[in-house]
$ cat start20.txt   # compact mmCIF, C-alpha atoms (C1' of nucleotides)
# COMPACT_ATOMS: atom_id res chain seq x y z
CA MET A 1 -11.70 -0.25 7.41
CA ASN A 2 -12.65 2.00 4.54
CA TYR A 3 -14.16 1.12 1.22
CA VAL A 4 -10.99 1.16 -0.81
CA THR A 5 -9.22 -1.06 1.65
CA GLU A 6 -12.07 -3.52 1.62
CA GLN A 7 -12.02 -3.63 -2.13
CA ILE A 8 -8.35 -4.35 -2.28
CA LEU A 9 -8.29 -6.94 0.42
CA GLY A 10 -11.29 -8.59 -1.17
CA SER A 11 -9.50 -8.70 -4.49
CA LEU A 12 -6.49 -10.28 -2.88
CA ARG A 13 -8.51 -12.97 -1.20
CA ASP A 14 -10.57 -13.64 -4.31
CA ALA A 15 -7.49 -13.92 -6.46
CA ARG A 16 -5.90 -16.30 -4.02
CA ILE A 17 -8.97 -18.49 -3.97
CA ARG A 18 -9.31 -18.38 -7.71
CA LYS A 19 -5.77 -19.59 -8.05
CA GLY A 20 -6.50 -22.33 -5.60
CA PHE A 21 -3.80 -21.24 -3.17
CA SER A 22 -4.08 -21.74 0.51
CA GLN A 23 -2.71 -19.03 2.74
CA ARG A 24 0.20 -21.33 3.39
CA GLU A 25 0.97 -21.71 -0.24
CA LEU A 26 0.65 -18.01 -0.83
CA SER A 27 2.93 -17.53 2.09
CA ALA A 28 5.50 -19.88 0.62
CA ARG A 29 5.38 -18.12 -2.71
CA SER A 30 5.36 -14.56 -1.49
CA GLY A 31 7.51 -14.77 1.59
CA VAL A 32 4.82 -13.25 3.74
CA PRO A 33 4.07 -15.42 6.77
CA GLN A 34 0.75 -17.23 6.79
CA SER A 35 -0.22 -15.70 10.09
CA HIS A 36 0.29 -12.31 8.61
CA ILE A 37 -1.71 -13.12 5.53
CA SER A 38 -4.55 -14.13 7.75
CA LYS A 39 -4.43 -10.81 9.54
CA ILE A 40 -4.24 -8.96 6.28
CA GLU A 41 -7.20 -10.70 4.72
CA SER A 42 -9.30 -10.13 7.76
CA GLY A 43 -8.44 -6.46 7.75
CA ASN A 44 -6.65 -6.51 11.06
CA VAL A 45 -3.59 -4.79 9.81
CA ASP A 46 -2.63 -1.68 7.90
CA LEU A 47 -0.19 -3.33 5.61
CA ARG A 48 2.73 -1.74 3.87
CA MET A 49 3.10 -1.30 0.20
CA SER A 50 5.90 -3.81 -0.03
CA SER A 51 3.70 -6.51 1.45
CA LEU A 52 0.81 -5.59 -0.75
CA ILE A 53 2.96 -5.69 -3.83
CA ALA A 54 4.61 -8.95 -2.86
CA LEU A 55 1.23 -10.60 -2.53
CA ALA A 56 -0.19 -8.99 -5.62
CA ARG A 57 2.68 -10.16 -7.74
CA VAL A 58 2.21 -13.78 -6.82
CA LEU A 59 -1.47 -13.47 -7.56
CA ASP A 60 -0.94 -11.89 -10.96
CA LEU A 61 -2.42 -8.66 -9.80
CA GLU A 62 -1.05 -5.21 -10.22
CA LEU A 63 -1.42 -2.25 -7.96
CA PHE A 64 -2.21 1.21 -9.27
CA VAL A 65 -3.57 4.61 -8.69
CA ALA A 66 -5.85 6.12 -11.27
CA PRO A 67 -7.70 9.41 -11.60
CA ARG A 68 -11.06 9.14 -9.93
CA LYS A 69 -12.89 9.95 -13.13
CA THR A 70 -11.49 6.87 -14.83
CA VAL A 71 -12.61 4.51 -12.13
CA PRO A 72 -15.87 3.38 -13.72
CA ALA A 73 -14.19 2.51 -16.98
CA ILE A 74 -11.46 0.64 -15.17
CA LYS A 75 -13.84 -1.28 -13.00
CA SER A 76 -15.72 -2.27 -16.06
CA ILE A 77 -12.59 -3.70 -17.61
CA ILE A 78 -11.75 -5.59 -14.48
CA ARG A 79 -15.25 -6.89 -14.16
CA SER A 80 -15.39 -8.30 -17.63
CA SER A 81 -11.96 -9.78 -17.21
CA ASN A 82 -13.10 -11.64 -14.14
CA ALA A 83 -16.32 -12.70 -15.82
CA THR A 84 -14.56 -14.24 -18.79
CA HIS A 85 -12.27 -16.34 -16.65
CA ASN A 86 -10.70 -18.49 -19.30
CA ASN A 87 -13.09 -18.58 -22.19
CA GLY A 88 -10.98 -19.87 -25.02
CA LEU A 89 -8.92 -16.83 -25.82
CA SER A 90 -6.74 -17.38 -22.87
CA ASP A 91 -3.18 -17.86 -23.83
CA GLU A 92 -1.80 -16.05 -20.85
CA SER A 93 -1.31 -16.14 -17.16
CA GLU A 94 -4.16 -18.20 -15.78
CA PRO A 95 -2.78 -21.70 -15.27
CA MET A 96 -6.09 -23.36 -15.90
CA SER A 97 -8.37 -23.50 -12.93
CA PRO A 98 -10.11 -26.84 -12.35
CA ALA A 99 -13.66 -25.59 -12.25
CA TYR A 100 -15.40 -28.90 -11.82
CA GLN A 101 -15.89 -31.52 -9.22
CA LEU A 102 -17.69 -34.76 -10.06
CA GLU A 103 -17.27 -36.34 -6.67
CA GLU A 104 -14.93 -39.21 -6.11
CA TYR A 105 -13.78 -39.79 -9.67
CA ASP A 106 -10.17 -39.04 -9.30
CA ASP A 107 -8.86 -40.58 -12.44
CA ASP A 108 -5.26 -39.66 -12.88
CA MET B 109 12.42 0.65 -5.02
CA ASN B 110 10.59 -1.52 -7.51
CA TYR B 111 8.77 -0.54 -10.65
CA VAL B 112 5.27 -0.58 -9.25
CA THR B 113 6.27 1.57 -6.34
CA GLU B 114 7.95 4.05 -8.61
CA GLN B 115 4.87 4.26 -10.75
CA ILE B 116 2.63 4.93 -7.84
CA LEU B 117 4.82 7.46 -6.14
CA GLY B 118 5.31 9.18 -9.44
CA SER B 119 1.56 9.36 -9.92
CA LEU B 120 1.15 10.86 -6.50
CA ARG B 121 3.72 13.51 -7.10
CA ASP B 122 2.42 14.30 -10.55
CA ALA B 123 -1.11 14.60 -9.30
CA ARG B 124 -0.01 16.90 -6.53
CA ILE B 125 1.84 19.12 -8.93
CA ARG B 126 -1.01 19.11 -11.39
CA LYS B 127 -3.31 20.28 -8.66
CA GLY B 128 -0.84 22.97 -7.76
CA PHE B 129 -0.44 21.77 -4.20
CA SER B 130 2.73 22.20 -2.29
CA GLN B 131 3.74 19.38 0.02
CA ARG B 132 2.66 21.62 2.84
CA GLU B 133 -0.77 22.10 1.42
CA LEU B 134 -1.17 18.43 0.71
CA SER B 135 -0.12 17.83 4.24
CA ALA B 136 -2.78 20.18 5.56
CA ARG B 137 -5.45 18.52 3.48
CA SER B 138 -4.49 14.93 4.06
CA GLY B 139 -3.23 15.02 7.61
CA VAL B 140 0.06 13.46 6.58
CA PRO B 141 3.01 15.57 7.78
CA GLN B 142 4.96 17.41 5.14
CA SER B 143 8.19 15.79 6.23
CA HIS B 144 6.62 12.44 5.69
CA ILE B 145 5.28 13.38 2.29
CA SER B 146 8.75 14.37 1.29
CA LYS B 147 10.09 11.00 2.33
CA ILE B 148 7.29 9.24 0.55
CA GLU B 149 7.75 11.06 -2.71
CA SER B 150 11.44 10.44 -2.70
CA GLY B 151 10.86 6.75 -2.09
CA ASN B 152 12.53 6.70 1.28
CA VAL B 153 9.75 4.97 3.06
CA ASP B 154 7.63 1.86 2.69
CA LEU B 155 4.36 3.51 3.40
CA ARG B 156 1.20 1.92 4.67
CA MET B 157 -1.99 1.58 2.80
CA SER B 158 -3.78 4.06 4.99
CA SER B 159 -1.27 6.77 4.17
CA LEU B 160 -1.38 5.97 0.52
CA ILE B 161 -5.14 6.12 0.50
CA ALA B 162 -5.26 9.32 2.49
CA LEU B 163 -3.01 11.03 0.00
CA ALA B 164 -4.73 9.54 -3.01
CA ARG B 165 -8.10 10.72 -1.84
CA VAL B 166 -7.04 14.32 -1.60
CA LEU B 167 -5.50 14.09 -5.03
CA ASP B 168 -8.61 12.61 -6.61
CA LEU B 169 -6.87 9.36 -7.22
CA GLU B 170 -8.05 5.91 -6.41
CA LEU B 171 -6.03 2.89 -5.47
CA PHE B 172 -6.72 -0.59 -6.70
CA VAL B 173 -5.48 -3.91 -7.87
CA ALA B 174 -6.26 -5.32 -11.25
CA PRO B 175 -5.51 -8.59 -13.02
CA ARG B 176 -2.21 -8.31 -14.80
CA LYS B 177 -3.75 -9.05 -18.16
CA THR B 178 -5.92 -5.95 -17.92
CA VAL B 179 -3.03 -3.64 -17.26
CA PRO B 180 -2.46 -2.43 -20.80
CA ALA B 181 -6.09 -1.51 -21.26
CA ILE B 182 -6.14 0.29 -17.95
CA LYS B 183 -2.97 2.18 -18.63
CA SER B 184 -4.40 3.27 -21.89
CA ILE B 185 -7.44 4.67 -20.17
CA ILE B 186 -5.35 6.50 -17.65
CA ARG B 187 -3.04 7.83 -20.30
CA SER B 188 -5.79 9.31 -22.38
CA SER B 189 -7.39 10.74 -19.30
CA ASN B 190 -4.21 12.56 -18.48
CA ALA B 191 -3.72 13.64 -22.06
CA THR B 192 -7.13 15.24 -22.34
CA HIS B 193 -6.63 17.28 -19.22
CA ASN B 194 -9.67 19.50 -19.35
CA ASN B 195 -10.76 19.75 -22.91
CA GLY B 196 -14.20 21.24 -22.65
CA LEU B 197 -16.13 18.30 -21.31
CA SER B 198 -14.87 18.83 -17.83
CA ASP B 199 -17.64 19.21 -15.36
CA GLU B 200 -15.90 17.41 -12.56
CA SER B 201 -12.99 17.37 -10.23
CA GLU B 202 -10.13 19.07 -12.00
CA PRO B 203 -10.10 22.65 -10.74
CA MET B 204 -8.65 24.01 -13.89
CA SER B 205 -4.97 23.39 -14.37
CA PRO B 206 -2.98 26.17 -16.01
CA ALA B 207 -1.63 24.14 -18.89
CA TYR B 208 0.48 26.72 -20.58
CA GLN B 209 3.88 28.19 -20.22
CA LEU B 210 5.26 30.79 -22.56
CA GLU B 211 9.02 31.01 -22.22
CA GLU B 212 10.97 29.27 -19.59
CA TYR B 213 11.26 26.08 -21.54
CA ASP B 214 12.51 23.82 -18.87
CA ASP B 215 12.27 20.52 -20.58
CA ASP B 216 13.98 17.90 -18.51
C1' DG C 217 19.82 41.22 0.66
C1' DA C 218 15.56 40.53 3.27
C1' DG C 219 11.50 37.78 3.18
C1' DA C 220 8.55 34.09 1.69
C1' DG C 221 7.60 29.64 -0.10
C1' DT C 222 9.17 25.01 -1.06
C1' DG C 223 11.22 20.52 -0.46
C1' DA C 224 14.68 17.76 2.06
C1' DT C 225 16.68 16.41 6.61
C1' DA C 226 17.16 15.72 11.58
C1' DT C 227 15.78 14.15 16.16
C1' DG C 228 13.14 11.94 19.47
C1' DT C 229 8.88 9.37 20.69
C1' DT C 230 5.01 6.43 19.93
C1' DT C 231 2.64 3.08 17.43
C1' DT C 232 2.38 -0.74 14.48
C1' DT C 233 3.92 -3.85 11.03
C1' DA C 234 6.46 -7.83 10.07
C1' DT C 235 8.44 -11.92 11.56
C1' DA C 236 9.03 -16.55 13.83
C1' DT C 237 6.83 -20.00 16.00
C1' DA C 238 3.35 -22.41 18.08
C1' DT C 239 -1.21 -23.74 18.67
C1' DA C 240 -6.17 -23.32 18.76
C1' DA C 241 -10.31 -23.35 15.98
C1' DT C 242 -12.57 -24.41 11.92
C1' DT C 243 -13.44 -26.62 7.61
C1' DT C 244 -12.72 -30.28 4.32
C1' DT C 245 -11.63 -34.87 3.06
C1' DT C 246 -11.39 -39.60 3.62
C1' DA D 247 -15.85 -39.81 13.31
C1' DA D 248 -10.99 -39.46 12.54
C1' DA D 249 -7.53 -37.36 9.97
C1' DA D 250 -5.80 -33.74 7.37
C1' DA D 251 -5.67 -29.34 5.79
C1' DT D 252 -6.67 -24.66 6.33
C1' DT D 253 -7.34 -20.44 8.74
C1' DA D 254 -7.36 -17.68 12.97
C1' DT D 255 -5.00 -16.39 17.38
C1' DA D 256 -1.31 -15.77 20.62
C1' DT D 257 3.18 -14.25 22.25
C1' DA D 258 7.44 -12.22 21.91
C1' DT D 259 10.94 -9.40 19.34
C1' DA D 260 12.89 -6.44 15.97
C1' DA D 261 12.38 -3.06 12.52
C1' DA D 262 10.13 0.65 10.60
C1' DA D 263 6.37 3.94 9.86
C1' DA D 264 4.03 7.75 11.64
C1' DC D 265 4.21 11.71 14.07
C1' DA D 266 5.52 16.47 15.91
C1' DT D 267 8.59 19.87 15.45
C1' DA D 268 12.36 22.27 13.96
C1' DT D 269 15.64 23.56 10.74
C1' DC D 270 18.44 23.70 6.56
C1' DA D 271 19.19 24.68 1.68
C1' DC D 272 17.40 26.53 -2.33
C1' DT D 273 14.87 29.41 -5.34
C1' DC D 274 12.08 33.22 -6.29
C1' DT D 275 10.53 37.96 -5.89
C1' DC D 276 10.47 42.41 -4.10
$ encode --input "start20.txt" --output "structure tokens"
Amino acid sequence: MNYVTEQILGSLRDARIRKGFSQRELSARSGVPQSHISKIESGNVDLRMSSLIALARVLDLELFVAPRKTVPAIKSIIRSSNATHNNGLSDESEPMSPAYQLEEYDDD
Amino acid sequence: MNYVTEQILGSLRDARIRKGFSQRELSARSGVPQSHISKIESGNVDLRMSSLIALARVLDLELFVAPRKTVPAIKSIIRSSNATHNNGLSDESEPMSPAYQLEEYDDD
DNA sequence: GAGAGTGATATGTTTTTATATATAATTTTT
DNA sequence: AAAAATTATATATAAAAACATATCACTCTC
């Protein structure tokens, strides 16, 4: 598994986790079977573009190609986007991730 | 063929042309058969990541996924990169594209 | 019009994804 | 520790990519 592939699969898994989806839920939303998602995430399959795009869409990710020379700038953008999470200016996408966990208190 | 796919395949073809490669030459460099490249470019195949990456590498492109909210910024970077072509500061990659054409206005 | 280069098609074979379904293995929760 | 949820494996089948190779159609140029 080459570097690019690792990067992409890592991004997929991270995005799934960040959204709090299980593989099953991602499966339900994307139409890709859970067993296949497992194989994909563990790099045991050379997936097709359609699968990749189907998953990416559900995870609010977009797939691209960019000139190699622009890669650092792009990575920088992505990095800061991930760092900021939802820091107040969010009025888009991210459906509010519950980033806490005070044991037991489930007051609802 | 969905939007994302179109975008990507378009980028591949454009990059190939910009580099002045024929499908045959790209084939020789990437290991992907010319007949397959033809099918890919015309959107007649749901190609695998490995093929996509193999082609992208030869064309000095990189594949990735980015959070949807970063897309405009990224596209802007890519756009200006393509616009600038080689405007003096080039010391990398681009092997000098002949960006002129006197007569033969084939604007399509 | 012959010859060369290019992209699209065609055929046949091999390899692999994608899928369904089930279940084992692992982790998390209660 | 038991239960529940999640992820990894397994098997079988169908569909499609990947491949090699050849050829066709088209456009140039000489």
$ residues_around --input "start20.txt" --residues "B:Asn110" --least-positions-apart "2" --cutoff "12 Å" --atoms "only C-alpha atoms (C1' of nucleotides)" --output "MDAnalysis selection string"
(chainID A and resid 49:50 53:54 57) or (chainID B and resid 112:117 151 154)
$ residues_around --input "start20.txt" --residues "D:DA256" --least-positions-apart "3" --cutoff "12 Å" --atoms "all atoms listed in the file" --output "JSON, numbers by chain"
{"A": [35], "C": [237, 238, 239, 240]}
$ interface_residues --input "start20.txt" --of "chain A" --to "chain D" --cutoff "10 Å" --atoms "all atoms listed in the file" --output "PDB file with C-alpha atoms, in the coordinates of the input"
ATOM      1  CA  SER A  22      -4.080 -21.740   0.510  1.00  0.00           C
ATOM      2  CA  GLN A  23      -2.710 -19.030   2.740  1.00  0.00           C
ATOM      3  CA  ARG A  24       0.200 -21.330   3.390  1.00  0.00           C
ATOM      4  CA  GLN A  34       0.750 -17.230   6.790  1.00  0.00           C
ATOM      5  CA  SER A  35      -0.220 -15.700  10.090  1.00  0.00           C
ATOM      6  CA  ILE A  37      -1.710 -13.120   5.530  1.00  0.00           C
ATOM      7  CA  SER A  38      -4.550 -14.130   7.750  1.00  0.00           C
ATOM      8  CA  LYS A  39      -4.430 -10.810   9.540  1.00  0.00           C
ATOM      9  CA  SER A  42      -9.300 -10.130   7.760  1.00  0.00           C
ATOM     10  CA  ARG A  48       2.730  -1.740   3.870  1.00  0.00           C
TER      11      ARG A  48
END
$ atom_distance --input "start20.txt" --atom1 "atom CA of B:Ala181" --atom2 "atom CA of A:Ala56"
18.3 Å
$ closest_atom_pairs --input "start20.txt" --of "chain A" --to "chain C" --cutoff "9 Å" --atoms "only C-alpha atoms (C1' of nucleotides)" --output "Markdown table"
| residue | atom | partner | partner_atom | distance |
| --- | --- | --- | --- | --- |
| A:Val32 | CA | C:DA234 | C1' | 8.5 |
| A:Pro33 | CA | C:DT235 | C1' | 7.4 |
| A:His36 | CA | C:DA234 | C1' | 7.8 |
| A:Val45 | CA | C:DT233 | C1' | 7.7 |
| A:Asp46 | CA | C:DT233 | C1' | 7.6 |
| A:Leu47 | CA | C:DT233 | C1' | 6.8 |
| A:Arg48 | CA | C:DT233 | C1' | 7.6 |
$ write_last_selection --input "start20.txt" --atoms "C-alpha atoms" --output "mmCIF file, in the frame of the given file"
data_model
loop_
_atom_site.group_PDB
_atom_site.id
_atom_site.type_symbol
_atom_site.label_atom_id
_atom_site.label_comp_id
_atom_site.auth_asym_id
_atom_site.auth_seq_id
_atom_site.Cartn_x
_atom_site.Cartn_y
_atom_site.Cartn_z
ATOM 1 C CA VAL A 32 4.820 -13.250 3.740
ATOM 2 C CA PRO A 33 4.070 -15.420 6.770
ATOM 3 C CA HIS A 36 0.290 -12.310 8.610
ATOM 4 C CA VAL A 45 -3.590 -4.790 9.810
ATOM 5 C CA ASP A 46 -2.630 -1.680 7.900
ATOM 6 C CA LEU A 47 -0.190 -3.330 5.610
ATOM 7 C CA ARG A 48 2.730 -1.740 3.870
#
$ atom_distance --input "start20.txt" --atom1 "atom CA of B:Ser119" --atom2 "atom CA of A:Ser81"
24.5 Å
$ atom_distance --input "start20.txt" --atom1 "atom CA of B:Val173" --atom2 "atom CA of A:Leu61"
6.0 Å
$ closest_residue --input "start20.txt" --among "A:Arg29, A:Arg13, A:Arg18, A:Arg68" --to "chain B" --atoms "all atoms listed in the file"
A:Arg68
$ build_atoms --input "start20.txt" --residues "stretch 153-164 of chain B" --atoms "all heavy atoms" --output "mmCIF file, in the coordinates of the input"
data_model
loop_
_atom_site.group_PDB
_atom_site.id
_atom_site.type_symbol
_atom_site.label_atom_id
_atom_site.label_comp_id
_atom_site.auth_asym_id
_atom_site.auth_seq_id
_atom_site.Cartn_x
_atom_site.Cartn_y
_atom_site.Cartn_z
ATOM 1 N N VAL B 153 10.564 5.565 2.025
ATOM 2 C CA VAL B 153 9.750 4.970 3.060
ATOM 3 C C VAL B 153 8.788 3.965 2.421
ATOM 4 O O VAL B 153 8.384 4.121 1.277
ATOM 5 C CB VAL B 153 8.990 6.099 3.817
ATOM 6 C CG1 VAL B 153 7.718 6.453 3.102
ATOM 7 C CG2 VAL B 153 8.751 5.737 5.232
ATOM 8 N N ASP B 154 8.522 2.919 3.158
ATOM 9 C CA ASP B 154 7.630 1.860 2.690
ATOM 10 C C ASP B 154 6.266 2.114 3.310
ATOM 11 O O ASP B 154 5.914 1.537 4.317
ATOM 12 C CB ASP B 154 8.213 0.525 3.138
ATOM 13 C CG ASP B 154 7.400 -0.663 2.676
ATOM 14 O OD1 ASP B 154 6.442 -0.467 1.895
ATOM 15 O OD2 ASP B 154 7.705 -1.787 3.103
ATOM 16 N N LEU B 155 5.538 3.009 2.694
ATOM 17 C CA LEU B 155 4.360 3.510 3.400
ATOM 18 C C LEU B 155 3.221 2.520 3.500
ATOM 19 O O LEU B 155 3.155 1.530 2.788
ATOM 20 C CB LEU B 155 3.866 4.809 2.754
ATOM 21 C CG LEU B 155 2.998 4.730 1.509
ATOM 22 C CD1 LEU B 155 2.439 6.106 1.229
ATOM 23 C CD2 LEU B 155 3.811 4.258 0.338
ATOM 24 N N ARG B 156 2.339 2.807 4.431
ATOM 25 C CA ARG B 156 1.200 1.920 4.670
ATOM 26 C C ARG B 156 0.039 2.314 3.789
ATOM 27 O O ARG B 156 -0.069 3.443 3.328
ATOM 28 C CB ARG B 156 0.781 2.002 6.125
ATOM 29 C CG ARG B 156 1.849 1.467 7.044
ATOM 30 C CD ARG B 156 1.435 1.585 8.487
ATOM 31 N NE ARG B 156 2.606 1.408 9.331
ATOM 32 C CZ ARG B 156 2.653 1.750 10.602
ATOM 33 N NH1 ARG B 156 1.595 2.300 11.178
ATOM 34 N NH2 ARG B 156 3.744 1.560 11.301
ATOM 35 N N MET B 157 -0.823 1.358 3.635
ATOM 36 C CA MET B 157 -1.990 1.580 2.800
ATOM 37 C C MET B 157 -2.789 2.790 3.248
ATOM 38 O O MET B 157 -3.258 3.568 2.417
ATOM 39 C CB MET B 157 -2.891 0.357 2.849
ATOM 40 C CG MET B 157 -2.877 -0.425 1.573
ATOM 41 S SD MET B 157 -3.932 -1.861 1.730
ATOM 42 C CE MET B 157 -5.415 -1.275 0.955
ATOM 43 N N SER B 158 -2.952 2.954 4.518
ATOM 44 C CA SER B 158 -3.780 4.060 4.990
ATOM 45 C C SER B 158 -3.200 5.403 4.561
ATOM 46 O O SER B 158 -3.941 6.304 4.156
ATOM 47 C CB SER B 158 -3.929 4.012 6.509
ATOM 48 O OG SER B 158 -2.668 4.077 7.120
ATOM 49 N N SER B 159 -1.885 5.519 4.601
ATOM 50 C CA SER B 159 -1.270 6.770 4.170
ATOM 51 C C SER B 159 -1.468 6.971 2.686
ATOM 52 O O SER B 159 -1.826 8.055 2.214
ATOM 53 C CB SER B 159 0.234 6.753 4.448
ATOM 54 O OG SER B 159 0.475 6.602 5.821
ATOM 55 N N LEU B 160 -1.230 5.904 1.969
ATOM 56 C CA LEU B 160 -1.380 5.970 0.520
ATOM 57 C C LEU B 160 -2.796 6.403 0.155
ATOM 58 O O LEU B 160 -3.007 7.296 -0.676
ATOM 59 C CB LEU B 160 -1.066 4.603 -0.070
ATOM 60 C CG LEU B 160 -1.115 4.455 -1.574
ATOM 61 C CD1 LEU B 160 -0.314 5.539 -2.261
ATOM 62 C CD2 LEU B 160 -0.609 3.079 -1.974
ATOM 63 N N ILE B 161 -3.750 5.815 0.808
ATOM 64 C CA ILE B 161 -5.140 6.120 0.500
ATOM 65 C C ILE B 161 -5.496 7.542 0.905
ATOM 66 O O ILE B 161 -6.197 8.259 0.187
ATOM 67 C CB ILE B 161 -6.069 5.095 1.170
ATOM 68 C CG1 ILE B 161 -5.882 3.737 0.488
ATOM 69 C CG2 ILE B 161 -7.520 5.538 1.095
ATOM 70 C CD1 ILE B 161 -6.601 2.595 1.161
ATOM 71 N N ALA B 162 -4.983 7.958 2.030
ATOM 72 C CA ALA B 162 -5.260 9.320 2.490
ATOM 73 C C ALA B 162 -4.759 10.337 1.476
ATOM 74 O O ALA B 162 -5.459 11.302 1.139
ATOM 75 C CB ALA B 162 -4.606 9.547 3.851
ATOM 76 N N LEU B 163 -3.573 10.115 0.979
ATOM 77 C CA LEU B 163 -3.010 11.030 0.000
ATOM 78 C C LEU B 163 -3.784 10.946 -1.308
ATOM 79 O O LEU B 163 -4.146 11.975 -1.902
ATOM 80 C CB LEU B 163 -1.540 10.718 -0.241
ATOM 81 C CG LEU B 163 -0.620 10.952 0.951
ATOM 82 C CD1 LEU B 163 0.792 10.509 0.638
ATOM 83 C CD2 LEU B 163 -0.646 12.418 1.362
ATOM 84 N N ALA B 164 -4.039 9.721 -1.740
ATOM 85 C CA ALA B 164 -4.730 9.540 -3.010
ATOM 86 C C ALA B 164 -6.087 10.244 -2.987
ATOM 87 O O ALA B 164 -6.455 10.925 -3.946
ATOM 88 C CB ALA B 164 -4.911 8.046 -3.298
#
